[in-house]
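Asker: Sending over a structure as structure tokens; questions will come in a sec.
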Amino acid sequence: MNNLEHLAATSVTPTPEPPDRNPLLEALGRGEAVNIFDLGTLYITTNGKVKGDTPQTATIPGFQVKFTCSKITNDAVSALGIKKIVISDSSPIIGTKTDLFTGEEGTAFSAGKAIRIEGRHLKISGDDGGIFFAHATEKGESDSDEAKWIKVSRIIRNVSKILEFFLPSELETGVPYCIVLKTNSTFGKATRKTYSLACSNPVTIAG
């Protein structure tokens with residue numbers, strides 16, 4: 001093997017040069033505060049409380065970067081106003097009601113059979129939640145005495161847009177009732193501490 005062949009066999013691929021380093025990151029790495037185009041300042045602080053009196057004895061829970069806005073940044077947003085406030089309401093909304101025995105929509109249902117309610121935010125949850133039948137008043141509103149409400153015990157479908165359940169056997173034919181939904185469900189699997197109520201228009205049970 002001649003010298004050229006020996007050099008070719010033992011040559012090593014040169015290590016690529018590191019990419020250009022960011023001077024802002026280098027300054028932060030030295031623990032310096034950095035001004036960001038006069039918008040504010042990035043600075044280093046501890047990630048929690050430091051225990052100890054000297055650098056040798058102190059226990060430092062790591063470091064983090066924080067940002068303080070400058071006056072011109074705060075001034076830029078100080079004139080913003082609010083045109084509209086939208087509050088997300090997750091209360092149940094009762095829509096159509098269908099007798100699953102006859103397939104008809106309406107307000108009269110077959111005694112002891114299953115019915116379907118369609119709407120929004122219908123899912124029942126919570127220990128005190130449920131589907132109830134309350135006697136309707138002369139004004140078409142539900143009786144406010146919850147102790148007299150008749151609770152549905154057989155729910156066969158319980159999702160946000162659809163409820164399906166069997167009518168309780170205690171319901172009397174020809175008597176007007178309001179269907180009351182009581183739930184603490186909000187969105188998805190989330191719940192709240194308080195309960196929301198929704199009441200239907202009066203319905204009746206056919207014999």
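Letters A, B, ... mark the chains of the structure tokens in the order given; residue numbers begin at 1 per chain; ligand numbers begin at 1, in order shown.
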Could you give me, as an MDAnalysis selection string, the residues within 7 Å of Ser160 of chain A, counting only C-alpha atoms and dropping anything in the same chain fewer than 4 positions from it?

Answerer: chainID A and resid 120:123

Asker: Identify, on the basis of only C-alpha atoms, every residue whose closest approach to Ala111 of chain A does not exceed 12 Å; exclude the query and any residue fewer than 6 positions from it along the same chain; express the result as number ranges by chain.

Answerer: A: 99-102, 166-175, 203-207

Asker: Could those residues be written to a file, using all heavy atoms, as a tab-separated table (two decimals), in the first residue's frame?

Answerer:
```tsv
chain	number	residue	atom	x	y	z
A	99	ASP	N	-92.54	9.22	21.71
A	99	ASP	CA	-93.01	7.96	22.28
A	99	ASP	C	-92.38	6.83	21.46
A	99	ASP	O	-92.68	6.66	20.28
A	99	ASP	CB	-94.54	7.90	22.19
A	99	ASP	CG	-95.12	6.67	22.88
A	99	ASP	OD1	-94.49	5.60	22.84
A	99	ASP	OD2	-96.23	6.79	23.45
A	100	LEU	N	-91.48	6.06	22.06
A	100	LEU	CA	-90.78	5.01	21.32
A	100	LEU	C	-91.68	3.81	21.02
A	100	LEU	O	-91.33	2.98	20.18
A	100	LEU	CB	-89.54	4.57	22.09
A	100	LEU	CG	-88.44	5.63	22.26
A	100	LEU	CD1	-87.25	5.06	23.03
A	100	LEU	CD2	-87.98	6.15	20.90
A	101	PHE	N	-92.83	3.73	21.66
A	101	PHE	CA	-93.77	2.64	21.39
A	101	PHE	C	-94.58	2.92	20.12
A	101	PHE	O	-94.78	2.04	19.28
A	101	PHE	CB	-94.71	2.45	22.59
A	101	PHE	CG	-95.69	1.32	22.43
A	101	PHE	CD1	-95.26	0.00	22.42
A	101	PHE	CD2	-97.05	1.57	22.29
A	101	PHE	CE1	-96.16	-1.04	22.27
A	101	PHE	CE2	-97.95	0.54	22.15
A	101	PHE	CZ	-97.51	-0.77	22.14
A	102	THR	N	-95.00	4.18	19.96
A	102	THR	CA	-95.79	4.55	18.78
A	102	THR	C	-94.94	5.22	17.70
A	102	THR	O	-95.36	5.30	16.55
A	102	THR	CB	-96.92	5.52	19.17
A	102	THR	OG1	-96.34	6.74	19.68
A	102	THR	CG2	-97.81	4.91	20.24
A	166	PHE	N	-87.77	4.59	30.51
A	166	PHE	CA	-89.12	4.06	30.66
A	166	PHE	C	-89.90	4.94	31.63
A	166	PHE	O	-89.37	5.43	32.63
A	166	PHE	CB	-89.08	2.62	31.17
A	166	PHE	CG	-88.72	1.61	30.12
A	166	PHE	CD1	-87.40	1.23	29.93
A	166	PHE	CD2	-89.70	1.06	29.31
A	166	PHE	CE1	-87.07	0.30	28.96
A	166	PHE	CE2	-89.38	0.12	28.34
A	166	PHE	CZ	-88.06	-0.25	28.16
A	167	LEU	N	-91.18	5.12	31.33
A	167	LEU	CA	-92.03	5.92	32.20
A	167	LEU	C	-92.29	5.17	33.51
A	167	LEU	O	-92.57	3.97	33.50
A	167	LEU	CB	-93.36	6.22	31.51
A	167	LEU	CG	-93.28	7.02	30.20
A	167	LEU	CD1	-94.67	7.17	29.60
A	167	LEU	CD2	-92.64	8.38	30.45
A	168	PRO	N	-92.22	5.87	34.64
A	168	PRO	CA	-92.49	5.21	35.93
A	168	PRO	C	-93.93	4.71	36.00
A	168	PRO	O	-94.86	5.34	35.46
A	168	PRO	CB	-92.25	6.34	36.95
A	168	PRO	CG	-91.37	7.32	36.24
A	168	PRO	CD	-91.78	7.27	34.81
A	169	SER	N	-94.12	3.60	36.67
A	169	SER	CA	-95.46	3.01	36.79
A	169	SER	C	-96.38	3.84	37.67
A	169	SER	O	-97.60	3.70	37.61
A	169	SER	CB	-95.35	1.58	37.35
A	169	SER	OG	-94.73	1.60	38.63
A	170	GLU	N	-95.80	4.74	38.49
A	170	GLU	CA	-96.62	5.54	39.40
A	170	GLU	C	-97.38	6.67	38.69
A	170	GLU	O	-98.28	7.28	39.29
A	170	GLU	CB	-95.74	6.17	40.50
A	170	GLU	CG	-94.99	5.16	41.36
A	170	GLU	CD	-93.60	4.91	40.84
A	170	GLU	OE1	-93.41	4.86	39.60
A	170	GLU	OE2	-92.67	4.77	41.67
A	171	LEU	N	-97.04	6.96	37.45
A	171	LEU	CA	-97.69	8.06	36.75
A	171	LEU	C	-99.15	7.73	36.46
A	171	LEU	O	-99.48	6.62	36.05
A	171	LEU	CB	-96.95	8.36	35.44
A	171	LEU	CG	-95.49	8.80	35.57
A	171	LEU	CD1	-94.89	9.01	34.19
A	171	LEU	CD2	-95.36	10.05	36.42
A	172	GLU	N	-100.02	8.72	36.66
A	172	GLU	CA	-101.45	8.54	36.44
A	172	GLU	C	-101.84	8.98	35.03
A	172	GLU	O	-101.33	9.99	34.53
A	172	GLU	CB	-102.24	9.34	37.47
A	172	GLU	CG	-101.93	8.97	38.92
A	172	GLU	CD	-102.69	9.86	39.89
A	172	GLU	OE1	-103.94	9.84	39.86
A	172	GLU	OE2	-102.03	10.58	40.65
A	173	THR	N	-102.73	8.25	34.41
A	173	THR	CA	-103.17	8.62	33.07
A	173	THR	C	-104.04	9.87	33.12
A	173	THR	O	-104.82	10.07	34.06
A	173	THR	CB	-103.97	7.48	32.43
A	173	THR	OG1	-105.10	7.16	33.25
A	173	THR	CG2	-103.10	6.24	32.27
A	174	GLY	N	-103.87	10.71	32.10
A	174	GLY	CA	-104.68	11.91	31.99
A	174	GLY	C	-104.27	13.05	32.89
A	174	GLY	O	-104.86	14.13	32.82
A	175	VAL	N	-103.27	12.86	33.74
A	175	VAL	CA	-102.81	13.91	34.66
A	175	VAL	C	-101.63	14.64	34.02
A	175	VAL	O	-100.69	14.00	33.54
A	175	VAL	CB	-102.38	13.30	36.01
A	175	VAL	CG1	-101.80	14.38	36.92
A	175	VAL	CG2	-103.57	12.61	36.68
A	203	VAL	N	-96.96	17.36	29.92
A	203	VAL	CA	-97.19	16.15	29.12
A	203	VAL	C	-98.22	15.30	29.85
A	203	VAL	O	-98.47	15.50	31.05
A	203	VAL	CB	-95.89	15.36	28.91
A	203	VAL	CG1	-94.84	16.21	28.20
A	203	VAL	CG2	-95.34	14.84	30.23
A	204	THR	N	-98.81	14.35	29.14
A	204	THR	CA	-99.79	13.46	29.76
A	204	THR	C	-99.47	12.01	29.41
A	204	THR	O	-98.75	11.73	28.45
A	204	THR	CB	-101.22	13.78	29.29
A	204	THR	OG1	-101.27	13.73	27.86
A	204	THR	CG2	-101.66	15.15	29.77
A	205	ILE	N	-100.03	11.11	30.21
A	205	ILE	CA	-99.83	9.68	30.02
A	205	ILE	C	-101.14	9.08	29.50
A	205	ILE	O	-102.20	9.25	30.11
A	205	ILE	CB	-99.42	9.00	31.34
A	205	ILE	CG1	-98.24	9.74	31.97
A	205	ILE	CG2	-99.09	7.53	31.09
A	205	ILE	CD1	-97.01	9.85	31.10
A	206	ALA	N	-101.03	8.40	28.37
A	206	ALA	CA	-102.21	7.76	27.78
A	206	ALA	C	-102.35	6.35	28.34
A	206	ALA	O	-101.36	5.68	28.63
A	206	ALA	CB	-102.08	7.72	26.27
A	207	GLY	N	-103.59	5.89	28.46
A	207	GLY	CA	-103.84	4.56	29.00
A	207	GLY	C	-103.48	3.45	28.04
A	207	GLY	O	-103.21	3.65	26.88
```

Asker: Using DSSP on the backbone, list every residue of segment 21-204 of chain A that comes out as strand (DSSP E or B), and give them as a PDB file with N, CA and C atoms, in the first residue's frame.

Answerer:
```pdb
ATOM      1  N   VAL A  34     -32.482  40.152  29.770  1.00  0.00           N
ATOM      2  CA  VAL A  34     -32.404  40.471  28.347  1.00  0.00           C
ATOM      3  C   VAL A  34     -33.600  41.327  27.948  1.00  0.00           C
ATOM      4  N   ASN A  35     -33.321  42.471  27.326  1.00  0.00           N
ATOM      5  CA  ASN A  35     -34.378  43.334  26.807  1.00  0.00           C
ATOM      6  C   ASN A  35     -34.810  42.824  25.435  1.00  0.00           C
ATOM      7  N   GLY A  40     -40.235  44.314  26.637  1.00  0.00           N
ATOM      8  CA  GLY A  40     -40.155  43.855  28.013  1.00  0.00           C
ATOM      9  C   GLY A  40     -38.820  43.182  28.251  1.00  0.00           C
ATOM     10  N   THR A  41     -38.684  42.600  29.432  1.00  0.00           N
ATOM     11  CA  THR A  41     -37.409  42.018  29.837  1.00  0.00           C
ATOM     12  C   THR A  41     -37.584  40.576  30.267  1.00  0.00           C
ATOM     13  N   LEU A  42     -36.746  39.702  29.694  1.00  0.00           N
ATOM     14  CA  LEU A  42     -36.647  38.325  30.156  1.00  0.00           C
ATOM     15  C   LEU A  42     -35.609  38.265  31.264  1.00  0.00           C
ATOM     16  N   TYR A  43     -35.920  37.555  32.339  1.00  0.00           N
ATOM     17  CA  TYR A  43     -34.951  37.451  33.428  1.00  0.00           C
ATOM     18  C   TYR A  43     -35.055  36.082  34.087  1.00  0.00           C
ATOM     19  N   ILE A  44     -33.993  35.707  34.776  1.00  0.00           N
ATOM     20  CA  ILE A  44     -33.902  34.408  35.437  1.00  0.00           C
ATOM     21  C   ILE A  44     -34.303  34.551  36.893  1.00  0.00           C
ATOM     22  N   THR A  45     -35.092  33.603  37.381  1.00  0.00           N
ATOM     23  CA  THR A  45     -35.453  33.578  38.794  1.00  0.00           C
ATOM     24  C   THR A  45     -35.547  32.129  39.246  1.00  0.00           C
ATOM     25  N   THR A  46     -35.559  31.922  40.540  1.00  0.00           N
ATOM     26  CA  THR A  46     -35.642  30.554  41.055  1.00  0.00           C
ATOM     27  C   THR A  46     -37.061  30.014  40.906  1.00  0.00           C
ATOM     28  N   LYS A  51     -33.961  27.851  50.202  1.00  0.00           N
ATOM     29  CA  LYS A  51     -33.721  27.591  51.617  1.00  0.00           C
ATOM     30  C   LYS A  51     -32.223  27.650  51.888  1.00  0.00           C
ATOM     31  N   THR A  59     -30.460  25.567  49.300  1.00  0.00           N
ATOM     32  CA  THR A  59     -31.115  24.564  48.461  1.00  0.00           C
ATOM     33  C   THR A  59     -31.955  25.299  47.428  1.00  0.00           C
ATOM     34  N   PHE A  63     -34.308  26.754  38.238  1.00  0.00           N
ATOM     35  CA  PHE A  63     -34.490  28.110  37.740  1.00  0.00           C
ATOM     36  C   PHE A  63     -35.548  28.129  36.646  1.00  0.00           C
ATOM     37  N   GLN A  64     -36.111  29.316  36.417  1.00  0.00           N
ATOM     38  CA  GLN A  64     -37.074  29.499  35.352  1.00  0.00           C
ATOM     39  C   GLN A  64     -36.919  30.893  34.764  1.00  0.00           C
ATOM     40  N   VAL A  65     -37.474  31.069  33.565  1.00  0.00           N
ATOM     41  CA  VAL A  65     -37.417  32.363  32.889  1.00  0.00           C
ATOM     42  C   VAL A  65     -38.771  33.049  33.030  1.00  0.00           C
ATOM     43  N   LYS A  66     -38.753  34.325  33.399  1.00  0.00           N
ATOM     44  CA  LYS A  66     -39.978  35.115  33.478  1.00  0.00           C
ATOM     45  C   LYS A  66     -39.843  36.347  32.598  1.00  0.00           C
ATOM     46  N   PHE A  67     -40.986  36.981  32.357  1.00  0.00           N
ATOM     47  CA  PHE A  67     -41.013  38.130  31.457  1.00  0.00           C
ATOM     48  C   PHE A  67     -41.795  39.259  32.109  1.00  0.00           C
ATOM     49  N   THR A  68     -41.220  40.456  32.082  1.00  0.00           N
ATOM     50  CA  THR A  68     -41.891  41.647  32.584  1.00  0.00           C
ATOM     51  C   THR A  68     -42.144  42.599  31.424  1.00  0.00           C
ATOM     52  N   CYS A  69     -43.418  42.974  31.230  1.00  0.00           N
ATOM     53  CA  CYS A  69     -43.760  43.873  30.126  1.00  0.00           C
ATOM     54  C   CYS A  69     -43.227  45.276  30.389  1.00  0.00           C
ATOM     55  N   ILE A  93     -81.285  21.720  27.796  1.00  0.00           N
ATOM     56  CA  ILE A  93     -82.303  22.303  26.921  1.00  0.00           C
ATOM     57  C   ILE A  93     -83.114  21.157  26.329  1.00  0.00           C
ATOM     58  N   ILE A  94     -84.399  21.105  26.665  1.00  0.00           N
ATOM     59  CA  ILE A  94     -85.273  20.032  26.200  1.00  0.00           C
ATOM     60  C   ILE A  94     -85.862  20.408  24.846  1.00  0.00           C
ATOM     61  N   GLY A  95     -85.700  19.503  23.878  1.00  0.00           N
ATOM     62  CA  GLY A  95     -86.251  19.726  22.546  1.00  0.00           C
ATOM     63  C   GLY A  95     -87.440  18.818  22.296  1.00  0.00           C
ATOM     64  N   THR A  96     -87.316  17.940  21.306  1.00  0.00           N
ATOM     65  CA  THR A  96     -88.429  17.060  20.948  1.00  0.00           C
ATOM     66  C   THR A  96     -88.553  15.897  21.923  1.00  0.00           C
ATOM     67  N   LYS A  97     -89.795  15.392  22.026  1.00  0.00           N
ATOM     68  CA  LYS A  97     -90.094  14.236  22.876  1.00  0.00           C
ATOM     69  C   LYS A  97     -90.850  13.218  22.022  1.00  0.00           C
ATOM     70  N   THR A  98     -90.373  11.969  22.044  1.00  0.00           N
ATOM     71  CA  THR A  98     -90.931  10.940  21.166  1.00  0.00           C
ATOM     72  C   THR A  98     -91.337   9.711  21.966  1.00  0.00           C
ATOM     73  N   ASP A  99     -92.544   9.222  21.709  1.00  0.00           N
ATOM     74  CA  ASP A  99     -93.009   7.960  22.279  1.00  0.00           C
ATOM     75  C   ASP A  99     -92.378   6.832  21.462  1.00  0.00           C
ATOM     76  N   GLU A 104     -94.304   8.372  17.644  1.00  0.00           N
ATOM     77  CA  GLU A 104     -94.837   9.707  17.405  1.00  0.00           C
ATOM     78  C   GLU A 104     -94.231  10.730  18.369  1.00  0.00           C
ATOM     79  N   GLU A 105     -93.936  11.917  17.814  1.00  0.00           N
ATOM     80  CA  GLU A 105     -93.506  13.035  18.645  1.00  0.00           C
ATOM     81  C   GLU A 105     -94.733  13.725  19.219  1.00  0.00           C
ATOM     82  N   ALA A 108     -98.086  13.370  24.551  1.00  0.00           N
ATOM     83  CA  ALA A 108     -98.854  12.267  25.139  1.00  0.00           C
ATOM     84  C   ALA A 108     -98.087  10.975  24.902  1.00  0.00           C
ATOM     85  N   PHE A 109     -97.871  10.208  25.984  1.00  0.00           N
ATOM     86  CA  PHE A 109     -97.014   9.027  25.894  1.00  0.00           C
ATOM     87  C   PHE A 109     -97.719   7.788  26.437  1.00  0.00           C
ATOM     88  N   SER A 110     -97.342   6.638  25.894  1.00  0.00           N
ATOM     89  CA  SER A 110     -97.943   5.366  26.292  1.00  0.00           C
ATOM     90  C   SER A 110     -97.478   4.975  27.686  1.00  0.00           C
ATOM     91  N   ALA A 114     -91.256   3.316  26.821  1.00  0.00           N
ATOM     92  CA  ALA A 114     -90.064   4.165  26.790  1.00  0.00           C
ATOM     93  C   ALA A 114     -90.305   5.390  25.916  1.00  0.00           C
ATOM     94  N   ILE A 115     -89.685   6.497  26.291  1.00  0.00           N
ATOM     95  CA  ILE A 115     -89.738   7.706  25.478  1.00  0.00           C
ATOM     96  C   ILE A 115     -88.319   8.227  25.270  1.00  0.00           C
ATOM     97  N   ARG A 116     -88.194   9.099  24.278  1.00  0.00           N
ATOM     98  CA  ARG A 116     -86.900   9.718  23.970  1.00  0.00           C
ATOM     99  C   ARG A 116     -87.046  11.234  24.056  1.00  0.00           C
ATOM    100  N   ILE A 117     -86.066  11.871  24.692  1.00  0.00           N
ATOM    101  CA  ILE A 117     -85.968  13.330  24.697  1.00  0.00           C
ATOM    102  C   ILE A 117     -84.700  13.706  23.945  1.00  0.00           C
ATOM    103  N   GLU A 118     -84.832  14.642  23.019  1.00  0.00           N
ATOM    104  CA  GLU A 118     -83.665  15.151  22.305  1.00  0.00           C
ATOM    105  C   GLU A 118     -83.487  16.627  22.642  1.00  0.00           C
ATOM    106  N   GLY A 119     -82.240  17.063  22.689  1.00  0.00           N
ATOM    107  CA  GLY A 119     -81.959  18.450  23.032  1.00  0.00           C
ATOM    108  C   GLY A 119     -80.469  18.680  23.174  1.00  0.00           C
ATOM    109  N   ARG A 120     -80.094  19.491  24.163  1.00  0.00           N
ATOM    110  CA  ARG A 120     -78.681  19.815  24.395  1.00  0.00           C
ATOM    111  C   ARG A 120     -78.380  19.744  25.886  1.00  0.00           C
ATOM    112  N   GLY A 130     -81.183  13.437  38.197  1.00  0.00           N
ATOM    113  CA  GLY A 130     -82.130  12.447  37.719  1.00  0.00           C
ATOM    114  C   GLY A 130     -83.152  13.040  36.771  1.00  0.00           C
ATOM    115  N   ILE A 131     -84.025  12.168  36.280  1.00  0.00           N
ATOM    116  CA  ILE A 131     -85.177  12.564  35.468  1.00  0.00           C
ATOM    117  C   ILE A 131     -86.407  12.388  36.349  1.00  0.00           C
ATOM    118  N   PHE A 132     -87.212  13.423  36.433  1.00  0.00           N
ATOM    119  CA  PHE A 132     -88.361  13.398  37.338  1.00  0.00           C
ATOM    120  C   PHE A 132     -89.633  13.819  36.596  1.00  0.00           C
ATOM    121  N   PHE A 133     -90.764  13.374  37.129  1.00  0.00           N
ATOM    122  CA  PHE A 133     -92.066  13.859  36.681  1.00  0.00           C
ATOM    123  C   PHE A 133     -92.700  14.610  37.846  1.00  0.00           C
ATOM    124  N   ALA A 134     -92.972  15.892  37.621  1.00  0.00           N
ATOM    125  CA  ALA A 134     -93.590  16.731  38.644  1.00  0.00           C
ATOM    126  C   ALA A 134     -94.979  17.139  38.169  1.00  0.00           C
ATOM    127  N   HIS A 135     -95.936  17.157  39.071  1.00  0.00           N
ATOM    128  CA  HIS A 135     -97.280  17.602  38.707  1.00  0.00           C
ATOM    129  C   HIS A 135     -97.215  19.021  38.151  1.00  0.00           C
ATOM    130  N   ALA A 136     -97.942  19.256  37.071  1.00  0.00           N
ATOM    131  CA  ALA A 136     -97.967  20.580  36.456  1.00  0.00           C
ATOM    132  C   ALA A 136     -99.017  21.447  37.145  1.00  0.00           C
ATOM    133  N   SER A 142     -93.860  23.310  36.758  1.00  0.00           N
ATOM    134  CA  SER A 142     -93.704  22.132  37.610  1.00  0.00           C
ATOM    135  C   SER A 142     -93.918  22.492  39.073  1.00  0.00           C
ATOM    136  N   ILE A 150     -91.721  12.372  40.985  1.00  0.00           N
ATOM    137  CA  ILE A 150     -91.593  10.934  40.731  1.00  0.00           C
ATOM    138  C   ILE A 150     -90.338  10.717  39.884  1.00  0.00           C
ATOM    139  N   LYS A 151     -89.397   9.948  40.426  1.00  0.00           N
ATOM    140  CA  LYS A 151     -88.107   9.777  39.753  1.00  0.00           C
ATOM    141  C   LYS A 151     -88.129   8.592  38.796  1.00  0.00           C
ATOM    142  N   ILE A 155     -83.266   4.282  33.096  1.00  0.00           N
ATOM    143  CA  ILE A 155     -82.714   5.097  32.008  1.00  0.00           C
ATOM    144  C   ILE A 155     -81.918   4.172  31.096  1.00  0.00           C
ATOM    145  N   ILE A 156     -82.242   4.157  29.821  1.00  0.00           N
ATOM    146  CA  ILE A 156     -81.571   3.238  28.896  1.00  0.00           C
ATOM    147  C   ILE A 156     -80.566   3.947  27.990  1.00  0.00           C
ATOM    148  N   ARG A 157     -80.646   5.265  27.908  1.00  0.00           N
ATOM    149  CA  ARG A 157     -79.648   6.026  27.149  1.00  0.00           C
ATOM    150  C   ARG A 157     -79.481   7.387  27.801  1.00  0.00           C
ATOM    151  N   ASN A 158     -78.224   7.748  28.068  1.00  0.00           N
ATOM    152  CA  ASN A 158     -77.951   8.970  28.819  1.00  0.00           C
ATOM    153  C   ASN A 158     -76.726   9.657  28.230  1.00  0.00           C
ATOM    154  N   ILE A 162     -79.292  13.078  23.818  1.00  0.00           N
ATOM    155  CA  ILE A 162     -80.435  12.159  23.832  1.00  0.00           C
ATOM    156  C   ILE A 162     -80.581  11.500  25.201  1.00  0.00           C
ATOM    157  N   LEU A 163     -81.810  11.463  25.692  1.00  0.00           N
ATOM    158  CA  LEU A 163     -82.170  10.660  26.858  1.00  0.00           C
ATOM    159  C   LEU A 163     -83.271   9.695  26.434  1.00  0.00           C
ATOM    160  N   GLU A 164     -83.134   8.435  26.829  1.00  0.00           N
ATOM    161  CA  GLU A 164     -84.185   7.449  26.606  1.00  0.00           C
ATOM    162  C   GLU A 164     -84.441   6.729  27.922  1.00  0.00           C
ATOM    163  N   PHE A 165     -85.715   6.585  28.276  1.00  0.00           N
ATOM    164  CA  PHE A 165     -86.050   5.999  29.569  1.00  0.00           C
ATOM    165  C   PHE A 165     -87.484   5.491  29.556  1.00  0.00           C
ATOM    166  N   PHE A 166     -87.768   4.586  30.506  1.00  0.00           N
ATOM    167  CA  PHE A 166     -89.119   4.062  30.657  1.00  0.00           C
ATOM    168  C   PHE A 166     -89.904   4.941  31.628  1.00  0.00           C
ATOM    169  N   TYR A 177     -98.167  16.403  33.694  1.00  0.00           N
ATOM    170  CA  TYR A 177     -96.885  16.421  34.405  1.00  0.00           C
ATOM    171  C   TYR A 177     -95.893  17.281  33.618  1.00  0.00           C
ATOM    172  N   CYS A 178     -94.899  17.765  34.322  1.00  0.00           N
ATOM    173  CA  CYS A 178     -93.732  18.370  33.680  1.00  0.00           C
ATOM    174  C   CYS A 178     -92.556  17.422  33.873  1.00  0.00           C
ATOM    175  N   ILE A 179     -91.805  17.203  32.811  1.00  0.00           N
ATOM    176  CA  ILE A 179     -90.582  16.404  32.929  1.00  0.00           C
ATOM    177  C   ILE A 179     -89.474  17.336  33.410  1.00  0.00           C
ATOM    178  N   VAL A 180     -88.836  16.972  34.512  1.00  0.00           N
ATOM    179  CA  VAL A 180     -87.786  17.805  35.103  1.00  0.00           C
ATOM    180  C   VAL A 180     -86.453  17.069  35.000  1.00  0.00           C
ATOM    181  N   LEU A 181     -85.473  17.721  34.415  1.00  0.00           N
ATOM    182  CA  LEU A 181     -84.116  17.177  34.353  1.00  0.00           C
ATOM    183  C   LEU A 181     -83.260  17.914  35.377  1.00  0.00           C
ATOM    184  N   LYS A 182     -82.557  17.151  36.184  1.00  0.00           N
ATOM    185  CA  LYS A 182     -81.679  17.731  37.207  1.00  0.00           C
ATOM    186  C   LYS A 182     -80.303  17.101  37.062  1.00  0.00           C
ATOM    187  N   THR A 183     -79.295  17.922  36.789  1.00  0.00           N
ATOM    188  CA  THR A 183     -77.965  17.381  36.529  1.00  0.00           C
ATOM    189  C   THR A 183     -76.884  18.381  36.913  1.00  0.00           C
ATOM    190  N   ASN A 184     -75.708  17.851  37.234  1.00  0.00           N
ATOM    191  CA  ASN A 184     -74.551  18.720  37.467  1.00  0.00           C
ATOM    192  C   ASN A 184     -73.501  18.526  36.381  1.00  0.00           C
ATOM    193  N   SER A 185     -73.908  17.907  35.273  1.00  0.00           N
ATOM    194  CA  SER A 185     -73.001  17.714  34.144  1.00  0.00           C
ATOM    195  C   SER A 185     -72.809  19.030  33.402  1.00  0.00           C
ATOM    196  N   THR A 191     -68.090  18.006  35.703  1.00  0.00           N
ATOM    197  CA  THR A 191     -69.267  18.267  36.532  1.00  0.00           C
ATOM    198  C   THR A 191     -69.029  19.520  37.355  1.00  0.00           C
ATOM    199  N   ARG A 192     -70.107  20.054  37.913  1.00  0.00           N
ATOM    200  CA  ARG A 192     -70.013  21.210  38.796  1.00  0.00           C
ATOM    201  C   ARG A 192     -70.585  20.841  40.162  1.00  0.00           C
ATOM    202  N   LYS A 193     -70.392  21.712  41.139  1.00  0.00           N
ATOM    203  CA  LYS A 193     -70.897  21.445  42.486  1.00  0.00           C
ATOM    204  C   LYS A 193     -72.399  21.679  42.583  1.00  0.00           C
ATOM    205  N   THR A 194     -72.918  22.599  41.777  1.00  0.00           N
ATOM    206  CA  THR A 194     -74.345  22.906  41.813  1.00  0.00           C
ATOM    207  C   THR A 194     -75.072  22.180  40.682  1.00  0.00           C
ATOM    208  N   TYR A 195     -76.393  22.123  40.789  1.00  0.00           N
ATOM    209  CA  TYR A 195     -77.210  21.421  39.804  1.00  0.00           C
ATOM    210  C   TYR A 195     -77.997  22.411  38.945  1.00  0.00           C
ATOM    211  N   SER A 196     -78.211  22.020  37.694  1.00  0.00           N
ATOM    212  CA  SER A 196     -79.062  22.782  36.785  1.00  0.00           C
ATOM    213  C   SER A 196     -80.366  22.028  36.586  1.00  0.00           C
ATOM    214  N   LEU A 197     -81.442  22.790  36.393  1.00  0.00           N
ATOM    215  CA  LEU A 197     -82.762  22.201  36.174  1.00  0.00           C
ATOM    216  C   LEU A 197     -83.302  22.633  34.818  1.00  0.00           C
ATOM    217  N   ALA A 198     -84.038  21.737  34.188  1.00  0.00           N
ATOM    218  CA  ALA A 198     -84.779  22.066  32.972  1.00  0.00           C
ATOM    219  C   ALA A 198     -86.143  21.405  33.079  1.00  0.00           C
ATOM    220  N   CYS A 199     -87.191  22.152  32.746  1.00  0.00           N
ATOM    221  CA  CYS A 199     -88.557  21.632  32.849  1.00  0.00           C
ATOM    222  C   CYS A 199     -89.237  21.695  31.486  1.00  0.00           C
ATOM    223  N   VAL A 203     -96.965  17.356  29.919  1.00  0.00           N
ATOM    224  CA  VAL A 203     -97.193  16.154  29.121  1.00  0.00           C
ATOM    225  C   VAL A 203     -98.223  15.300  29.854  1.00  0.00           C
ATOM    226  N   THR A 204     -98.812  14.351  29.136  1.00  0.00           N
ATOM    227  CA  THR A 204     -99.791  13.459  29.760  1.00  0.00           C
ATOM    228  C   THR A 204     -99.467  12.013  29.411  1.00  0.00           C
TER     229      THR A 204
END
```

Asker: Compare A:Ala190, A:Ile60, A:Leu24, A:Leu39 by their minimum atom-to-atom distance to Ile72 of chain A, counting only C-alpha atoms, and give me the closest one.

Answerer: A:Leu39

Asker: Mind checking DSSP for chain A and telling me the alpha helix (DSSP H) residues as a compact mmCIF listing (two decimals) with C-alpha atoms, in the first residue's frame?

Answerer:
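The resulting file, out.txt, is reproduced below:
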```txt
# COMPACT_ATOMS: atom_id res chain seq x y z
CA ASN A 3 1.24 6.52 1.19
CA LEU A 4 -1.81 7.89 -0.65
CA GLU A 5 -3.74 4.66 -0.15
CA HIS A 6 -2.79 4.64 3.53
CA LEU A 7 -4.05 8.21 4.00
CA ALA A 8 -7.33 7.41 2.27
CA ALA A 9 -7.89 4.35 4.45
CA THR A 10 -7.29 6.20 7.70
CA PRO A 23 -26.77 35.75 21.69
CA LEU A 24 -30.02 36.24 23.63
CA LEU A 25 -29.95 32.64 24.83
CA GLU A 26 -26.27 32.95 25.66
CA ALA A 27 -27.02 35.99 27.83
CA LEU A 28 -29.80 34.13 29.63
CA GLY A 29 -27.42 31.23 30.12
CA LYS A 71 -44.60 50.48 29.70
CA ILE A 72 -45.02 50.76 25.93
CA THR A 73 -46.31 47.17 25.78
CA ASN A 74 -48.86 47.80 28.52
CA ASP A 75 -49.87 51.10 26.90
CA ALA A 76 -50.49 49.29 23.60
CA VAL A 77 -53.27 47.18 25.14
CA SER A 78 -54.60 49.68 27.69
```

Asker: Kindly indicate which residue among A:Asn22, A:Ser125, A:Ser70, A:Asn201 lies nearest to Val159 of chain A, using only C-alpha atoms for the distances.

Answerer: A:Ser125

Asker: Rounded to one decimal place, report the atom CA of Lys113 of chain A-atom CA of Thr186 of chain A distance in Å.

Answerer: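 Here the two named atoms are 28.8 Å from each other.
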